[in-house]
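Text of the file start20.cif, holding mmCIF, C-alpha atoms:
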data_structure
loop_
_atom_site.label_atom_id
_atom_site.label_comp_id
_atom_site.auth_asym_id
_atom_site.auth_seq_id
_atom_site.Cartn_x
_atom_site.Cartn_y
_atom_site.Cartn_z
CA MET G 1 73.04 141.18 108.61
CA VAL G 2 76.22 142.94 109.75
CA GLU G 3 78.70 140.84 111.66
CA ALA G 4 79.21 143.68 114.16
CA ASP G 5 75.48 143.61 115.01
CA GLU G 6 75.66 139.90 115.63
CA ARG G 7 78.68 140.33 117.89
CA ALA G 8 76.91 143.08 119.84
CA TRP G 9 73.80 140.91 120.21
CA VAL G 10 75.83 138.00 121.54
CA ASP G 11 77.57 140.32 124.02
CA GLY G 12 74.17 141.67 125.08
CA LEU G 13 72.69 138.19 125.47
CA ARG G 14 75.65 137.12 127.59
CA ARG G 15 74.89 140.05 129.88
CA GLY G 16 71.17 139.16 129.94
CA ASP G 17 70.07 142.37 128.13
CA SER G 18 66.45 142.35 126.96
CA PRO G 19 67.07 144.78 124.03
CA ALA G 20 69.67 142.37 122.61
CA PHE G 21 67.19 139.52 122.88
CA ASP G 22 64.48 141.60 121.19
CA ALA G 23 66.85 142.46 118.35
CA VAL G 24 67.72 138.80 117.80
CA PHE G 25 64.06 137.82 117.96
CA ALA G 26 63.14 140.48 115.39
CA ALA G 27 66.00 139.46 113.08
CA TYR G 28 65.49 135.69 113.19
CA ARG G 29 61.80 135.17 114.01
CA ARG G 30 60.54 134.99 110.41
CA ARG G 31 63.47 132.91 109.19
CA ILE G 32 63.16 130.30 111.92
CA PHE G 33 59.36 130.24 111.67
CA GLY G 34 59.49 129.80 107.88
CA PHE G 35 61.89 126.89 108.30
CA LEU G 36 59.70 125.30 110.99
CA VAL G 37 56.46 125.69 109.01
CA ARG G 38 58.00 124.17 105.90
CA MET G 39 59.52 121.30 107.89
CA THR G 40 56.48 120.43 110.01
CA ARG G 41 53.84 121.64 107.53
CA ARG G 42 51.75 122.75 110.51
CA ARG G 43 51.48 126.33 111.71
CA ASP G 44 50.43 125.43 115.27
CA VAL G 45 53.39 123.08 115.71
CA ALA G 46 55.75 125.63 114.13
CA GLU G 47 54.56 128.28 116.60
CA ASP G 48 55.18 125.97 119.57
CA LEU G 49 58.63 125.05 118.29
CA LEU G 50 59.46 128.69 117.58
CA GLN G 51 58.64 129.44 121.20
CA GLU G 52 60.88 126.60 122.36
CA VAL G 53 63.78 127.80 120.18
CA PHE G 54 63.71 131.28 121.70
CA LEU G 55 63.11 129.97 125.23
CA ARG G 56 66.26 127.92 124.86
CA LEU G 57 68.15 130.93 123.55
CA ALA G 58 67.03 132.97 126.56
CA GLN G 59 67.95 130.18 128.97
CA HIS G 60 71.38 129.63 127.39
CA ALA G 61 72.08 133.34 126.87
CA ARG G 62 74.70 133.71 129.59
CA ARG G 63 76.49 130.55 128.51
CA LEU G 64 76.88 131.51 124.84
CA ASP G 65 80.45 131.68 123.55
CA GLU G 66 81.68 135.12 122.49
CA ASP G 67 82.03 133.98 118.90
CA THR G 68 78.64 132.23 118.69
CA LYS G 69 77.05 132.45 115.25
CA LEU G 70 73.45 133.07 116.22
CA GLY G 71 71.97 131.91 112.91
CA ALA G 72 73.74 128.56 113.08
CA TRP G 73 72.89 128.21 116.79
CA LEU G 74 69.19 128.92 116.30
CA PHE G 75 68.83 126.71 113.22
CA THR G 76 70.65 123.88 115.02
CA VAL G 77 68.11 124.05 117.86
CA ALA G 78 65.23 124.30 115.38
CA HIS G 79 66.54 121.27 113.45
CA ARG G 80 66.80 119.19 116.65
CA LEU G 81 63.32 120.19 117.76
CA VAL G 82 61.88 119.18 114.38
CA ILE G 83 63.57 115.76 114.70
CA SER G 84 62.21 115.29 118.25
CA TRP G 85 58.74 116.31 117.11
CA ALA G 86 58.84 113.91 114.14
CA ARG G 87 59.95 111.04 116.41
CA ALA G 88 57.21 111.81 118.92
CA GLN G 89 54.69 111.82 116.07
CA ALA G 90 55.86 108.39 114.93
CA VAL G 91 55.77 106.95 118.48
CA ARG G 92 52.31 108.42 119.08
CA ALA G 93 51.04 106.84 115.88
CA GLN G 94 52.51 103.45 116.82
CA LEU G 95 51.01 103.60 120.33
CA ALA G 96 47.68 104.28 118.70
CA GLY G 97 48.09 100.98 116.88
CA ASP G 98 48.50 102.71 113.59
CA LEU G 99 51.35 102.87 111.12
CA PRO G 100 53.58 105.95 111.59
CA ARG G 101 51.74 108.83 109.99
CA ARG G 102 53.36 109.78 106.73
CA GLU G 103 53.76 113.45 105.92
CA PRO G 104 51.24 114.69 103.38
CA ALA G 105 52.57 114.18 99.88
CA GLY G 106 53.54 117.20 97.82
CA GLY G 107 50.35 117.12 95.80
CA GLU G 108 48.09 117.31 98.86
CA ARG G 109 46.94 120.62 100.30
CA SER G 110 49.30 122.16 102.86
CA PRO G 111 48.89 125.26 105.09
CA LEU G 112 51.29 127.03 102.76
CA ASP G 113 48.93 126.62 99.79
CA ALA G 114 46.68 129.25 101.33
CA VAL G 115 49.34 131.94 101.22
CA ALA G 116 50.77 131.26 97.75
CA ASP G 117 50.05 134.22 95.46
CA SER G 118 50.35 132.55 92.08
CA GLN G 119 50.35 129.21 90.33
CA ALA G 120 54.13 129.31 90.11
CA GLN G 121 54.43 130.00 93.82
CA LEU G 122 51.95 127.23 94.59
CA ALA G 123 53.91 124.82 92.40
CA LEU G 124 57.09 125.83 94.20
CA GLU G 125 55.60 125.38 97.68
CA ARG G 126 54.27 121.97 96.70
CA ALA G 127 57.59 120.97 95.15
CA PHE G 128 59.42 121.82 98.39
CA ALA G 129 56.73 120.11 100.46
CA GLY G 130 57.08 117.00 98.31
CA LEU G 131 60.78 116.63 99.10
CA ALA G 132 61.79 114.09 101.72
CA PRO G 133 62.46 115.95 105.01
CA THR G 134 66.20 115.25 104.85
CA TYR G 135 66.43 116.85 101.39
CA ARG G 136 63.94 119.60 102.22
CA GLU G 137 65.91 120.91 105.19
CA VAL G 138 69.09 121.10 103.13
CA ALA G 139 67.26 122.84 100.27
CA LEU G 140 65.71 125.34 102.70
CA LEU G 141 68.93 126.14 104.53
CA VAL G 142 70.91 126.56 101.32
CA GLY G 143 68.21 128.06 99.12
CA VAL G 144 66.16 130.23 101.47
CA GLU G 145 68.76 130.97 104.12
CA GLY G 146 71.67 131.33 101.70
CA MET G 147 73.95 129.15 103.81
CA GLN G 148 77.00 127.41 102.42
CA PRO G 149 77.02 123.58 102.42
CA ALA G 150 79.80 123.56 105.06
CA GLU G 151 77.69 125.66 107.42
CA VAL G 152 74.64 123.49 106.79
CA ALA G 153 76.75 120.41 107.50
CA GLU G 154 77.63 121.84 110.90
CA ILE G 155 73.99 122.57 111.72
CA LEU G 156 72.74 119.14 110.68
CA GLY G 157 75.74 117.21 112.04
CA LEU G 158 76.65 115.86 108.62
CA ARG G 159 79.76 115.79 106.43
CA PRO G 160 79.83 118.54 103.77
CA ASP G 161 79.89 115.82 101.09
CA ALA G 162 76.62 114.42 102.44
CA VAL G 163 75.05 117.87 102.31
CA ARG G 164 76.15 118.35 98.68
CA GLN G 165 74.74 114.96 97.80
CA ARG G 166 71.39 115.75 99.41
CA LEU G 167 71.38 119.13 97.71
CA ALA G 168 71.92 117.54 94.29
CA ARG G 169 69.08 115.08 94.94
CA ALA G 170 66.82 117.88 96.15
CA ARG G 171 67.55 119.84 92.99
CA THR G 172 66.73 116.83 90.81
CA GLN G 173 63.45 116.18 92.63
CA LEU G 174 62.52 119.86 92.55
CA ALA G 175 63.18 120.00 88.79
CA GLU G 176 60.94 116.95 88.27
CA SER G 177 58.16 118.34 90.46
CA LEU G 178 58.28 121.85 89.02
CA GLY G 179 58.17 120.77 85.38
CA GLU G 180 57.57 123.90 83.32
CA HIS G 181 58.12 126.13 86.38
CA ALA G 182 61.68 124.84 86.89
CA PRO G 183 64.59 127.12 85.91
CA ALA G 184 65.48 126.67 82.21
CA SER G 185 68.94 125.28 83.01
CA TRP G 186 67.40 122.57 85.20
CA ARG G 187 64.98 121.52 82.49
CA SER G 188 67.72 121.11 79.92
CA ALA G 189 69.98 119.19 82.34
CA MET T 1 77.60 122.63 92.68
CA SER T 2 77.90 126.39 93.10
CA ASP T 3 75.50 126.78 90.14
CA ASP T 4 73.07 124.52 91.98
CA VAL T 5 73.37 126.69 95.08
CA THR T 6 72.87 129.92 93.12
CA GLU T 7 69.91 128.61 91.15
CA LEU T 8 68.30 127.12 94.22
CA ALA T 9 68.73 130.44 96.02
CA GLU T 10 67.14 132.34 93.10
CA LEU T 11 64.27 129.87 92.98
CA SER T 12 63.74 130.02 96.73
CA GLN T 13 63.34 133.80 96.60
CA GLN T 14 59.96 133.11 94.98
CA LEU T 15 58.73 131.19 98.02
CA THR T 16 55.95 132.84 99.99
CA ALA T 17 57.04 135.01 102.89
CA ILE T 18 55.45 133.64 106.05
CA ASP T 19 55.46 135.01 109.54
CA VAL T 20 53.95 134.17 112.88
CA GLU T 21 50.97 136.32 113.88
CA PRO T 22 52.12 139.52 115.66
CA ALA T 23 50.15 138.82 118.85
CA ARG T 24 51.58 135.31 119.10
CA ALA T 25 55.08 136.63 118.34
CA GLU T 26 54.73 139.16 121.16
CA ARG T 27 53.63 136.43 123.59
CA ILE T 28 56.58 134.25 122.62
CA ALA T 29 59.04 137.13 123.02
CA PHE T 30 57.49 138.13 126.37
CA GLN T 31 57.72 134.61 127.76
CA ALA T 32 61.28 134.05 126.55
CA ARG T 33 62.39 137.48 127.79
CA GLY T 34 61.14 136.49 131.24
CA THR T 35 63.60 133.58 131.37
CA LEU T 36 66.54 135.50 129.89
CA GLY T 37 69.76 134.29 131.47
CA ARG T 38 67.96 132.27 134.17
CA GLY T 39 68.56 128.76 132.82
CA PRO T 40 65.99 125.98 132.88
CA SER T 41 63.44 126.09 135.70
CA LEU T 42 64.36 124.12 138.84
CA LEU T 43 60.90 122.55 138.68
CA ARG T 44 62.22 120.55 135.72
CA PHE T 45 64.45 118.63 138.18
CA GLY T 46 61.73 118.28 140.83
CA GLU T 47 59.93 115.30 139.30
CA PRO T 48 62.96 112.97 138.97
CA VAL T 49 64.01 113.85 142.53
CA LEU T 50 60.54 113.01 143.91
CA VAL T 51 60.39 109.75 141.96
CA THR T 52 63.86 108.76 143.21
CA ILE T 53 62.93 109.48 146.85
CA PHE T 54 59.65 107.55 146.52
CA THR T 55 61.27 104.55 144.82
CA THR T 56 64.16 104.37 147.27
CA SER T 57 61.81 104.61 150.27
CA PHE T 58 59.63 101.84 148.87
CA LEU T 59 62.62 99.55 148.23
CA VAL T 60 63.99 100.13 151.74
CA TRP T 61 60.55 99.43 153.24
CA ALA T 62 60.18 96.24 151.13
CA LEU T 63 63.67 95.06 152.12
CA MET T 64 62.93 95.62 155.80
CA LYS T 65 59.71 93.63 155.47
CA VAL T 66 61.56 90.72 153.87
CA ILE T 67 64.17 90.79 156.62
CA GLU T 68 61.39 90.93 159.23
CA VAL T 69 59.70 87.85 157.73
CA PHE T 70 62.87 85.76 157.67
CA SER T 71 64.24 86.84 161.05
#

Rewrite the coordinates I just gave you, this time as structure tokens.
Amino acid sequence: MVEADERAWVDGLRRGDSPAFDAVFAAYRRRIFGFLVRMTRRRDVAEDLLQEVFLRLAQHARRLDEDTKLGAWLFTVAHRLVISWARAQAVRAQLAGDLPRREPAGGERSPLDAVADSQAQLALERAFAGLAPTYREVALLVGVEGMQPAEVAEILGLRPDAVRQRLARARTQLAESLGEHAPASWRSA
Amino acid sequence: MSDDVTELAELSQQLTAIDVEPARAERIAFQARGTLGRGPSLLRFGEPVLVTIFTTSFLVWALMKVIEVFS
């Protein structure tokens, strides 16, 4: 994504232009949705949260700073919504007199299993799904989104050191889960 | 660490591409576009205002009743 595009989109959003909003939606929709599906492991919830992310963008459009980094802004909102959703899930489970519902373990079937094309892809999806949410979000933002640890730290409200630590743990857990599907250098480490 | 980042990025490229259904995406975009630049709905503030008015009125009424009893 070209930085000039991003700048033009922010300018457009600040003016309340629909074409700028449409361009941002087209550019970020899949990325945010992918993050939300892999964090919540539920398509219906991810769709609702995706809607909330872009509603918030539309509502805050005129108040965006000129130098807003849209990717970081959108992922920050998505991250906070996932946390709120997870807390609500835990409270709901407790009110129902049950223990907080644990996320399905990596080995159980997830909605992402249905779309995996190969055994390797399935193993990879399950390995990511098996990570603790705090490690998974770091692995997704760094691995899938190509963000630097410093940027991820800003989004998650953590110190860069904490992000690097979580990333190292995520890598170790992924290597263990992937077994023969792990990159050769991870297996030998 | 940078090797970790690179390898994780390469590995993540193999993850399945997922997208929201086009019809649902269009509905989301349409709804969000409708609120572009408008800020949160004023209705969001309506409920706390009504509750505050109701609670205050009840407390004033209860206080007056207590005063009436003891006077």

Return as a ChimeraX atom specification the residues belonging to chain T that are within 10 Å of chain G, counting only C-alpha atoms. /T:1-21,24-41

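Take CA of Gln119 in chain G and CA of Glu180 in chain G: the distance between them is 11.4 Å.
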
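Interatomic distance, CA of Thr172 in chain G to CA of Val82 in chain G: 24.2 Å.
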
Give me, please, the distance in Å between CA of Leu131 in chain G and CA of Arg92 in chain G, quoted to one decimal.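 Those two atoms sit 23.2 Å apart.
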